[in-house]
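Asker: I have a structure I would like to understand better, so I am pasting it below and will then ask my questions one at a time.
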Amino acid sequence: MSTKEGISCSREKDDGHGIQLQLGEARADMSGAGGSANNDVKMILPGATIGVLGGGQLGRMLALAGSHMGYRFVTLDPTADSPMGQVADRQITAAYEDVAAARELARLADVITYEFENVDAAIAGMLTEQSYVPQGHGLLYTTQHRLREKRAIEAAGAPVAPYAAVRSAAELHDAVAKLGTPCVLKTATGGYDGKGQRVIRDADEADAAFAALGSGGTELVLERFIRFQHELSVIAARSSRGEVRAFPAAENIHVENILHVSIAPARVPEQVRQRAEALAVQLAESLGVVGLLAVEMFLTDEGELFINELAPRPHNSGHYTIEACRTSQFEQHVRAICGLPLGSTEQLFPAVMVNLLGEHVEPALAWLAAQDVEEQGLSVKLHLYGKKDAKPKRKMGHITLLTEDVNQALAWVEHSGIWPEMTRC
Ligand code: AMP
């Protein structure tokens, strides 16, 4: 792998896992990056070992993409034979908080990344000291807490829905009066896929919502309910040498707060797509991201965009990039943390990605076996993550339809009858 013209490399370390090259100019680039990422920039060449905290489906797809490029992978995950463990060179099976196991990960890997954001702060700090973690742990700290995240988004000059911090039932009543109903009460930490949140439609529902979420002293945040026309997401990548690129905006449809369908490019005016992509780039730059930053947004009827959430990792709504873009989000993440030039994010085909939850797997496999989809002008790409128990609502896989006609792809999904809850597409 050659380096970009003008960047001088010097051999720094060859310990049998791969060669790391120090990039003097790239280090200089990072000096204004906001301190979130590790300033000690290195180029990690193919042949080196990438250590991943977490062994779920995101790690699995990361390892599949990176091993094509010649990287080796080791994962740390508490579940033996994890989705990533099945395709990685090695799995350390231990709890995420197990310090000895994290140290072993640091010993085996030339560079460390993570595939979920709730990484224990002590472990993240220890890894940053003992290993090369180009993403640092500042951004994890920010995105682990909704209030910190909103303040960081605002400081980056991007809009969020009006919100208020809530520490007591009395504060909740004041906040509901200020923001109006409907509004959404969320726990500041630990929520995902709609867990840890309650919609308050009327002020007299506030006490029940507080009792459900805040009674144990949990920090809460109240947000104005945004009557969005579409939910959009953009995945941006920023490399350890400061290069930034965004993938085309996807349109996301959730069912019971779990992502159901992503349509890319989003069916919104070109100038809205561009604004969404520019916001993601602005956030990645301002937050000094290294690796991927997934930015979830609401688009209102008036054309306003509000940032809902950030995720400093690959994202479910970016799975379409595997087949539809020149570079997948997973390859881009590897490139970004390894200090390689970023790949083109150009989209080659329109795509519809549909999640396969536990209840969808059996009917979807039967349906796919009975279909001649190529004849219908669709390419259907199946991804199963190797999870054993197909529990309802558990993300087991996804399919991506490559299509010239998004409506035809959506009609195919609807006609299958596998996703009966699909009503809003
Ligand atoms: P979150 O966990 O914040 O990503 O929320 C999960 C889903 O709940 C979002 O994808 C939206 O569909 C919905 N939601 C969350 N916050 C709001 C809001 N302030 N206004 C309207 N819908 C929301």
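All residue names refer to the structure tokens as shown: chains lettered A, B, ... in order, residues numbered from 1 in each chain, ligands numbered from 1 in order.
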May I have the residues within 9 Å of Ala212 (chain A) as a JSON list (two decimals) with C-alpha atoms, in the first residue's frame, using only C-alpha atoms and disregarding those fewer than 4 positions away in the same chain?

Answerer:
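Done, and the output landed in part-v1.json:
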```
[["chain", "number", "residue", "atom", "x", "y", "z"],
["A", 196, "GLY", "CA", -35.69, 4.16, 28.17],
["A", 198, "ARG", "CA", -41.76, 7.69, 27.03],
["A", 207, "ASP", "CA", -45.77, 11.95, 36.84],
["A", 208, "ALA", "CA", -46.28, 8.46, 35.41]]
```

Asker: As a PyMOL selection string, please: the residues near region 166-176 of chain A (cut-off 7 Å, only C-alpha atoms, same-chain neighbours under 3 positions excluded).

Answerer: chain A and resi 179-181+203+206-207+210+219-222

Asker: Running DSSP on the backbone, which parts of region 174-370 of chain A land in strand (DSSP E), as JSON, numbers by chain?

Answerer: {"A": [183, 184, 185, 186, 187, 197, 198, 199, 200, 220, 221, 222, 223, 224, 228, 229, 230, 231, 232, 233, 234, 235, 236, 237, 238, 244, 245, 246, 250, 251, 252, 253, 254, 255, 258, 259, 260, 261, 262, 263, 264, 291, 292, 293, 294, 295, 296, 297, 298, 299, 300, 305, 306, 307, 308, 309, 310, 311, 351, 352, 353, 354, 355, 356, 357]}

Asker: Given the selection you just returned, output its residues as a file containing C-alpha atoms, formatted as an mmCIF file, in the first residue's frame.

Answerer:
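So the final result, stored in again-v5.cif, reads:
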```
data_model
loop_
_atom_site.group_PDB
_atom_site.id
_atom_site.type_symbol
_atom_site.label_atom_id
_atom_site.label_comp_id
_atom_site.auth_asym_id
_atom_site.auth_seq_id
_atom_site.Cartn_x
_atom_site.Cartn_y
_atom_site.Cartn_z
ATOM 1 C CA CYS A 183 -42.796 15.709 24.190
ATOM 2 C CA VAL A 184 -40.462 12.774 24.794
ATOM 3 C CA LEU A 185 -38.811 11.896 28.108
ATOM 4 C CA LYS A 186 -35.587 9.889 27.733
ATOM 5 C CA THR A 187 -33.008 8.481 30.109
ATOM 6 C CA GLN A 197 -38.110 6.659 26.641
ATOM 7 C CA ARG A 198 -41.759 7.689 27.030
ATOM 8 C CA VAL A 199 -43.899 10.033 24.968
ATOM 9 C CA ILE A 200 -45.841 12.516 27.132
ATOM 10 C CA LEU A 220 -33.355 12.403 32.253
ATOM 11 C CA VAL A 221 -33.787 14.699 29.290
ATOM 12 C CA LEU A 222 -37.073 16.016 27.918
ATOM 13 C CA GLU A 223 -37.289 16.798 24.194
ATOM 14 C CA ARG A 224 -39.939 18.502 22.132
ATOM 15 C CA PHE A 228 -40.960 14.735 11.265
ATOM 16 C CA GLN A 229 -41.678 14.148 7.621
ATOM 17 C CA HIS A 230 -38.704 11.788 7.375
ATOM 18 C CA GLU A 231 -35.972 10.401 9.579
ATOM 19 C CA LEU A 232 -32.614 10.632 7.839
ATOM 20 C CA SER A 233 -29.127 9.462 8.694
ATOM 21 C CA VAL A 234 -25.743 10.270 7.277
ATOM 22 C CA ILE A 235 -22.573 8.366 8.020
ATOM 23 C CA ALA A 236 -19.422 10.448 7.823
ATOM 24 C CA ALA A 237 -15.886 9.188 8.131
ATOM 25 C CA ARG A 238 -12.902 11.166 9.308
ATOM 26 C CA VAL A 244 -13.487 13.645 5.843
ATOM 27 C CA ARG A 245 -16.145 12.083 3.585
ATOM 28 C CA ALA A 246 -19.855 11.427 3.975
ATOM 29 C CA ALA A 250 -30.444 7.386 3.924
ATOM 30 C CA GLU A 251 -34.135 7.625 4.802
ATOM 31 C CA ASN A 252 -35.054 5.457 7.769
ATOM 32 C CA ILE A 253 -38.375 3.935 8.753
ATOM 33 C CA HIS A 254 -38.675 2.611 12.295
ATOM 34 C CA VAL A 255 -41.304 0.207 13.589
ATOM 35 C CA ILE A 258 -36.417 -0.382 15.803
ATOM 36 C CA LEU A 259 -34.990 0.392 12.381
ATOM 37 C CA HIS A 260 -37.061 -1.465 9.819
ATOM 38 C CA VAL A 261 -36.134 -0.090 6.386
ATOM 39 C CA SER A 262 -33.429 2.244 5.077
ATOM 40 C CA ILE A 263 -33.828 3.723 1.618
ATOM 41 C CA ALA A 264 -30.777 5.273 -0.013
ATOM 42 C CA GLY A 291 -13.467 6.552 12.257
ATOM 43 C CA LEU A 292 -17.185 6.694 11.523
ATOM 44 C CA LEU A 293 -19.801 9.038 12.897
ATOM 45 C CA ALA A 294 -23.437 8.104 12.230
ATOM 46 C CA VAL A 295 -25.715 11.129 12.487
ATOM 47 C CA GLU A 296 -29.464 10.553 12.890
ATOM 48 C CA MET A 297 -31.741 13.485 12.021
ATOM 49 C CA PHE A 298 -35.376 14.517 11.745
ATOM 50 C CA LEU A 299 -36.591 16.410 8.668
ATOM 51 C CA THR A 300 -39.724 18.521 9.241
ATOM 52 C CA LEU A 305 -33.237 19.392 10.102
ATOM 53 C CA PHE A 306 -32.705 18.503 13.779
ATOM 54 C CA ILE A 307 -29.955 16.152 14.912
ATOM 55 C CA ASN A 308 -31.439 13.391 17.074
ATOM 56 C CA GLU A 309 -28.488 11.145 17.925
ATOM 57 C CA LEU A 310 -24.867 10.397 17.151
ATOM 58 C CA ALA A 311 -23.138 7.022 17.072
ATOM 59 C CA ALA A 351 -30.812 0.510 -2.452
ATOM 60 C CA VAL A 352 -33.425 -0.598 0.036
ATOM 61 C CA MET A 353 -32.189 -2.322 3.202
ATOM 62 C CA VAL A 354 -34.640 -4.306 5.324
ATOM 63 C CA ASN A 355 -33.773 -5.658 8.750
ATOM 64 C CA LEU A 356 -34.405 -9.302 9.564
ATOM 65 C CA LEU A 357 -35.524 -9.552 13.181
#
```

Asker: For region 376-390 of chain A, list every protein, DNA or RNA residue within 9 Å, evaluated using only C-alpha atoms, and leave out those in the same chain fewer than 4 positions away; present the list as a PyMOL selection string.

Answerer: chain A and resi 56-57+60-61+81-84+86+323+356-361+368+372+394-405+408-409

Asker: Keeping only C-alpha atoms, take the residues you just selected and write them out as a tab-separated table (two decimals), in the first residue's frame.

Answerer:
```
chain	number	residue	atom	x	y	z
A	56	GLY	CA	-21.66	-8.37	17.37
A	57	GLN	CA	-22.81	-7.94	13.79
A	60	ARG	CA	-18.50	-9.16	12.02
A	61	MET	CA	-19.05	-6.95	8.97
A	81	ASP	CA	-18.67	-17.93	19.14
A	82	SER	CA	-19.97	-14.38	18.76
A	83	PRO	CA	-21.02	-13.09	15.32
A	84	MET	CA	-17.60	-11.49	14.91
A	86	GLN	CA	-16.99	-16.66	13.84
A	323	GLU	CA	-23.24	-3.47	-1.99
A	356	LEU	CA	-34.40	-9.30	9.56
A	357	LEU	CA	-35.52	-9.55	13.18
A	358	GLY	CA	-35.93	-12.91	14.93
A	359	GLU	CA	-39.53	-13.30	13.75
A	360	HIS	CA	-38.61	-12.54	10.11
A	361	VAL	CA	-35.80	-15.02	9.51
A	368	LEU	CA	-36.11	-15.95	-0.89
A	372	ASP	CA	-36.54	-15.54	-8.99
A	394	ARG	CA	-33.50	-9.37	17.87
A	395	LYS	CA	-31.49	-8.19	14.86
A	396	MET	CA	-30.51	-11.43	13.11
A	397	GLY	CA	-29.56	-10.14	9.67
A	398	HIS	CA	-30.66	-7.88	6.85
A	399	ILE	CA	-31.31	-7.94	3.17
A	400	THR	CA	-30.30	-5.27	0.72
A	401	LEU	CA	-32.23	-4.86	-2.52
A	402	LEU	CA	-30.35	-3.17	-5.33
A	403	THR	CA	-32.83	-1.63	-7.67
A	404	GLU	CA	-33.41	0.98	-10.33
A	405	ASP	CA	-36.88	1.55	-8.88
A	408	GLN	CA	-40.67	-1.74	-6.97
A	409	ALA	CA	-38.30	-2.87	-4.21
```

Asker: Pick out the closest residue to ligand 1 from this set: A:Leu105, A:Val160, A:Leu283, A:Val289. Count only C-alpha atoms and all ligand atoms.

Answerer: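 Smallest separation from ligand 1 among the options: A:Val160.
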
Asker: What is the distance, in Å and to one decimal place, between CA of Ile226 (chain A) and CA of Lys178 (chain A)?

Answerer: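 One can read the CA of Ile226 (chain A) to CA of Lys178 (chain A) distance as 15.0 Å.
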
Asker: Please measure the separation of CA of Tyr192 (chain A) and CA of Tyr132 (chain A), giving the value in Å to one decimal.

Answerer: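 So the answer is 28.4 Å.
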
Asker: To one decimal in Å, tell me the separation between CA of Phe247 (chain A) and CA of Ala124 (chain A).

Answerer: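 Computing the Euclidean distance for CA of Phe247 (chain A) and CA of Ala124 (chain A) yields 27.8 Å.
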
Asker: Select, from A:Leu147, A:Ala48, A:Leu140, A:Ile112, the residue with the minimum atom-to-atom distance to ligand 1, counting only C-alpha atoms and all ligand atoms.

Answerer: A:Leu147

Asker: So, with only C-alpha atoms as the atoms that count, which of A:Pro392, A:Gly136, A:Pro341, A:Pro78 lies closest to Gly242 (chain A)?

Answerer: A:Pro341

Asker: Counting only C-alpha atoms, which of A:Asn118, A:Leu213, A:Cys338, A:Val413 gets nearest to Val290 (chain A)?

Answerer: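 Using only C-alpha atoms, Val290 (chain A) sits closest to A:Cys338.
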
Asker: For ligand 1, which of A:Phe225, A:Phe349, A:Trp367, A:Tyr163 is the closest residue, counting only C-alpha atoms and all ligand atoms?

Answerer: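 Ranking A:Phe225, A:Phe349, A:Trp367, A:Tyr163 by distance to ligand 1, first place goes to A:Phe225.
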
Asker: Quick one: everything within 8 Å of Gly54 (chain A), counting only C-alpha atoms, minus sequence neighbours fewer than 3 positions away in the same chain. Send it as a PDB file with N, CA and C atoms, in the first residue's frame.

Answerer:
```
ATOM      1  N   GLY A  59     -19.116  -5.696  14.285  1.00  0.00           N
ATOM      2  CA  GLY A  59     -17.744  -6.212  14.280  1.00  0.00           C
ATOM      3  C   GLY A  59     -17.557  -7.278  13.210  1.00  0.00           C
ATOM      4  N   THR A  75     -11.317 -10.139  18.510  1.00  0.00           N
ATOM      5  CA  THR A  75     -12.435  -9.479  19.194  1.00  0.00           C
ATOM      6  C   THR A  75     -12.481  -9.874  20.654  1.00  0.00           C
ATOM      7  N   LEU A  76     -12.992  -8.977  21.478  1.00  0.00           N
ATOM      8  CA  LEU A  76     -13.260  -9.298  22.883  1.00  0.00           C
ATOM      9  C   LEU A  76     -14.768  -9.216  23.068  1.00  0.00           C
ATOM     10  N   ASP A  77     -15.369 -10.346  23.431  1.00  0.00           N
ATOM     11  CA  ASP A  77     -16.829 -10.382  23.591  1.00  0.00           C
ATOM     12  C   ASP A  77     -17.171 -11.433  24.643  1.00  0.00           C
ATOM     13  N   TYR A  96     -16.746  -7.336  29.152  1.00  0.00           N
ATOM     14  CA  TYR A  96     -16.136  -6.100  28.645  1.00  0.00           C
ATOM     15  C   TYR A  96     -15.341  -5.376  29.733  1.00  0.00           C
ATOM     16  N   TYR A 114     -13.874  -0.082  18.542  1.00  0.00           N
ATOM     17  CA  TYR A 114     -15.014  -0.655  19.270  1.00  0.00           C
ATOM     18  C   TYR A 114     -16.211  -0.664  18.343  1.00  0.00           C
ATOM     19  N   GLU A 115     -17.174  -1.548  18.635  1.00  0.00           N
ATOM     20  CA  GLU A 115     -18.348  -1.631  17.748  1.00  0.00           C
ATOM     21  C   GLU A 115     -19.621  -1.290  18.506  1.00  0.00           C
ATOM     22  N   PHE A 116     -19.515  -0.774  19.708  1.00  0.00           N
ATOM     23  CA  PHE A 116     -20.685  -0.282  20.452  1.00  0.00           C
ATOM     24  C   PHE A 116     -20.205   0.884  21.306  1.00  0.00           C
TER      25      PHE A 116
END
```

Asker: So which one's closest to ligand 1, A:Glu346, A:Glu149, A:Asp202, A:Glu243? Using only C-alpha atoms and all ligand atoms, please.

Answerer: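 Checking each candidate against ligand 1, we get A:Glu149 as the closest.
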
Asker: Residues near Thr79 (chain A), anyone? I mean within 10 Å using only C-alpha atoms, not counting same-chain ones fewer than 5 positions away, as a ChimeraX atom specification.

Answerer: /A:54-56,85,91-95

Asker: Keeping only C-alpha atoms, write those residues as a short mmCIF file (atom, residue, chain, number, x, y, z; two decimals), in the first residue's frame.

Answerer:
```cif
data_model
loop_
_atom_site.label_atom_id
_atom_site.label_comp_id
_atom_site.auth_asym_id
_atom_site.auth_seq_id
_atom_site.Cartn_x
_atom_site.Cartn_y
_atom_site.Cartn_z
CA GLY A 54 -17.48 -6.13 21.03
CA GLY A 55 -18.18 -9.07 18.74
CA GLY A 56 -21.66 -8.37 17.37
CA GLY A 85 -15.75 -14.35 16.62
CA GLN A 91 -11.88 -14.19 20.02
CA ILE A 92 -11.09 -13.42 23.65
CA THR A 93 -14.21 -14.54 25.52
CA ALA A 94 -14.58 -12.34 28.59
CA ALA A 95 -16.70 -9.58 30.09
#
```
